[in-house]
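Okay, so here's the structure we're looking at.
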Amino acid sequence: TGCHLMSEEISYSYNSDHSNNNNNSQDDEQTAVITGDTKTAGSICLLLQAALPVALFTQRCARLKLVLKGGTNATFAPQYDYWERVFLPTLERHFRLESSAIQPTVIRRGYFPQGGGHVEVAIQPLINNICLPPLNLVERGDVTHISIRSYYAGNISSSMARQMTDAAISELQKNQNLCSPKQQPTVEIVHETNAVGSGYGILLVAETTTGCRLAGSALGQPQKRKRSSSSSGNDSLAAAAAVGRAAAQELLDTLNDGGCTDEWLQDQ
């Protein structure tokens, strides 16, 4: 109650009867399906941040599936790629979770402004409310590997993704301790064919000898087309290169800080 203009108080009451909630259903007798839909390009990862702790500790079902819809790659929020390649592996390693405990699947990518992304996460709740071990990160160790994931969708060209990747690698190579000839980054350039809207971005992940994962990322904004296709193409490539440099610089800044996590992981 209290959800109206000029309200000074909002109260929530829990309803244990889910039968009238259209967002909840049962795949079978033991799997609960919970749907969250922003109906915009609102971040799916922000939905995950709120739902995952509750889902892991629920005792109401043996299995749970989150069906989340919105933006997979949105501004002012974690990219889904970051959640999958930094947050989730850190959770599994340091909280000693089995790989079967959290199993995400991207059904469709969704970009600004339409959204339309679709991610499903199968969760096996912890048995008998088992306690998770404390997170103990005190030694970052040395960087052993850097991976780059560059992605594009819609009317974004592959040349923009390549330009973004090359610019990121060039920025990294300015620091020989991170990108020596014996330690070349692993590069993955992905055309997201099943997506709503147009978008592109890049994620760089550094792994260390102690199991830390630190990242830098950036998201591009498709530009409006101009009359001159040549000038528009040059502008687009320049914009893609700037995105790559920004992501690489973010990673370099994080590594120079010397911490065991980047600023995004410590917030999540």
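Letters for chains follow the order of the structure tokens (A, B, ...), residue numbers begin at 1 for each chain, and ligand numbers begin at 1 in the order shown.
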Taking 6 positions as the minimum chain separation for residues in the same chain, which residues sit within 7 Å of stretch 248-263 of chain A when counting only C-alpha atoms? Answer as a PyMOL selection string. chain A and resi 137-140+168+171-172+204+212-216
Distance query A:Val67 at most 9 Å, only C-alpha atoms, self and fewer than 6 positions along chain excluded, as a ChimeraX atom specification: /A:33-37,118-122
Output C-alpha atoms for every residue in the selection just made, as a short mmCIF file (atom, residue, chain, number, x, y, z; two decimals), in the first residue's frame.
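Full text of result-v9.cif as output:
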data_model
loop_
_atom_site.label_atom_id
_atom_site.label_comp_id
_atom_site.auth_asym_id
_atom_site.auth_seq_id
_atom_site.Cartn_x
_atom_site.Cartn_y
_atom_site.Cartn_z
CA VAL A 33 9.45 -20.25 -12.46
CA ILE A 34 9.71 -16.57 -11.56
CA THR A 35 9.43 -13.95 -14.30
CA GLY A 36 10.78 -10.42 -14.09
CA ASP A 37 10.18 -8.08 -17.04
CA HIS A 118 15.78 -12.48 -22.47
CA VAL A 119 17.94 -14.38 -19.98
CA GLU A 120 17.00 -17.50 -18.06
CA VAL A 121 18.87 -18.60 -14.94
CA ALA A 122 18.35 -22.08 -13.48
#
For A:Gly211, which residue among A:Ser100, A:Thr105, A:Ser43, A:Asn136 is the nearest when counting only C-alpha atoms?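 That would be A:Asn136, the residue with the smallest distance to A:Gly211.
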Give me the residues near A:Gly141 as a ChimeraX atom specification, where near means some atom within 8 Å (using only C-alpha atoms) and where sequence neighbours in that chain fewer than 5 positions away do not count. /A:208-210,212
Could you find all residues in stretch 142-247 of chain A that DSSP calls strand (DSSP E) from the backbone, and write them as a ChimeraX atom specification? /A:143-153,186-191,195-196,199-208,213-220
Restricted to C-alpha atoms, what would the selected residues look like written as a PDB file, in the first residue's frame?
ATOM      1  CA  VAL A 143      48.145 -11.351 -14.151  1.00  0.00           C
ATOM      2  CA  THR A 144      48.316 -14.643 -16.044  1.00  0.00           C
ATOM      3  CA  HIS A 145      45.829 -14.084 -18.824  1.00  0.00           C
ATOM      4  CA  ILE A 146      43.696 -11.400 -20.454  1.00  0.00           C
ATOM      5  CA  SER A 147      40.624 -12.215 -22.503  1.00  0.00           C
ATOM      6  CA  ILE A 148      38.684  -9.842 -24.735  1.00  0.00           C
ATOM      7  CA  ARG A 149      35.078 -10.256 -25.784  1.00  0.00           C
ATOM      8  CA  SER A 150      33.927  -7.816 -28.447  1.00  0.00           C
ATOM      9  CA  TYR A 151      30.295  -8.037 -29.548  1.00  0.00           C
ATOM     10  CA  TYR A 152      28.005  -6.300 -32.016  1.00  0.00           C
ATOM     11  CA  ALA A 153      24.386  -6.616 -33.120  1.00  0.00           C
ATOM     12  CA  THR A 186      42.594 -14.145 -26.157  1.00  0.00           C
ATOM     13  CA  VAL A 187      40.192 -12.392 -28.527  1.00  0.00           C
ATOM     14  CA  GLU A 188      36.581 -13.300 -29.215  1.00  0.00           C
ATOM     15  CA  ILE A 189      34.552 -11.197 -31.656  1.00  0.00           C
ATOM     16  CA  VAL A 190      30.889 -12.163 -31.596  1.00  0.00           C
ATOM     17  CA  HIS A 191      28.051 -11.200 -33.908  1.00  0.00           C
ATOM     18  CA  ALA A 195      19.094  -9.510 -30.629  1.00  0.00           C
ATOM     19  CA  VAL A 196      16.607  -6.659 -30.400  1.00  0.00           C
ATOM     20  CA  GLY A 199      24.496  -2.151 -30.108  1.00  0.00           C
ATOM     21  CA  TYR A 200      28.140  -2.961 -29.538  1.00  0.00           C
ATOM     22  CA  GLY A 201      30.550  -3.176 -26.663  1.00  0.00           C
ATOM     23  CA  ILE A 202      33.642  -4.816 -25.265  1.00  0.00           C
ATOM     24  CA  LEU A 203      34.757  -6.582 -22.102  1.00  0.00           C
ATOM     25  CA  LEU A 204      38.358  -7.204 -21.038  1.00  0.00           C
ATOM     26  CA  VAL A 205      38.982  -9.652 -18.192  1.00  0.00           C
ATOM     27  CA  ALA A 206      42.314 -10.137 -16.437  1.00  0.00           C
ATOM     28  CA  GLU A 207      42.842 -13.361 -14.470  1.00  0.00           C
ATOM     29  CA  THR A 208      45.534 -13.660 -11.808  1.00  0.00           C
ATOM     30  CA  ARG A 213      39.166 -11.559 -11.969  1.00  0.00           C
ATOM     31  CA  LEU A 214      39.285  -7.871 -12.813  1.00  0.00           C
ATOM     32  CA  ALA A 215      37.669  -6.233 -15.791  1.00  0.00           C
ATOM     33  CA  GLY A 216      37.237  -3.157 -17.890  1.00  0.00           C
ATOM     34  CA  SER A 217      34.254  -2.640 -20.167  1.00  0.00           C
ATOM     35  CA  ALA A 218      32.585  -0.059 -22.336  1.00  0.00           C
ATOM     36  CA  LEU A 219      29.399   0.161 -24.360  1.00  0.00           C
ATOM     37  CA  GLY A 220      29.017   1.987 -27.668  1.00  0.00           C
TER      38      GLY A 220
END
At a cut-off of 9 Å, using only C-alpha atoms, what residues contact stretch 45-57 of chain A? Leave out same-chain residues fewer than 5 positions from it and give the result as a PyMOL selection string. chain A and resi 36-38+64-66+68+71-73+77-80+83+101-102+121+123-130+268
Could you tell me, as an MDAnalysis selection string, which residues of stretch 27-241 of chain A DSSP assigns to helix (DSSP H, G or I) when given the backbone? chainID A and resid 44:57 80:94 127:129 158:172 229:241
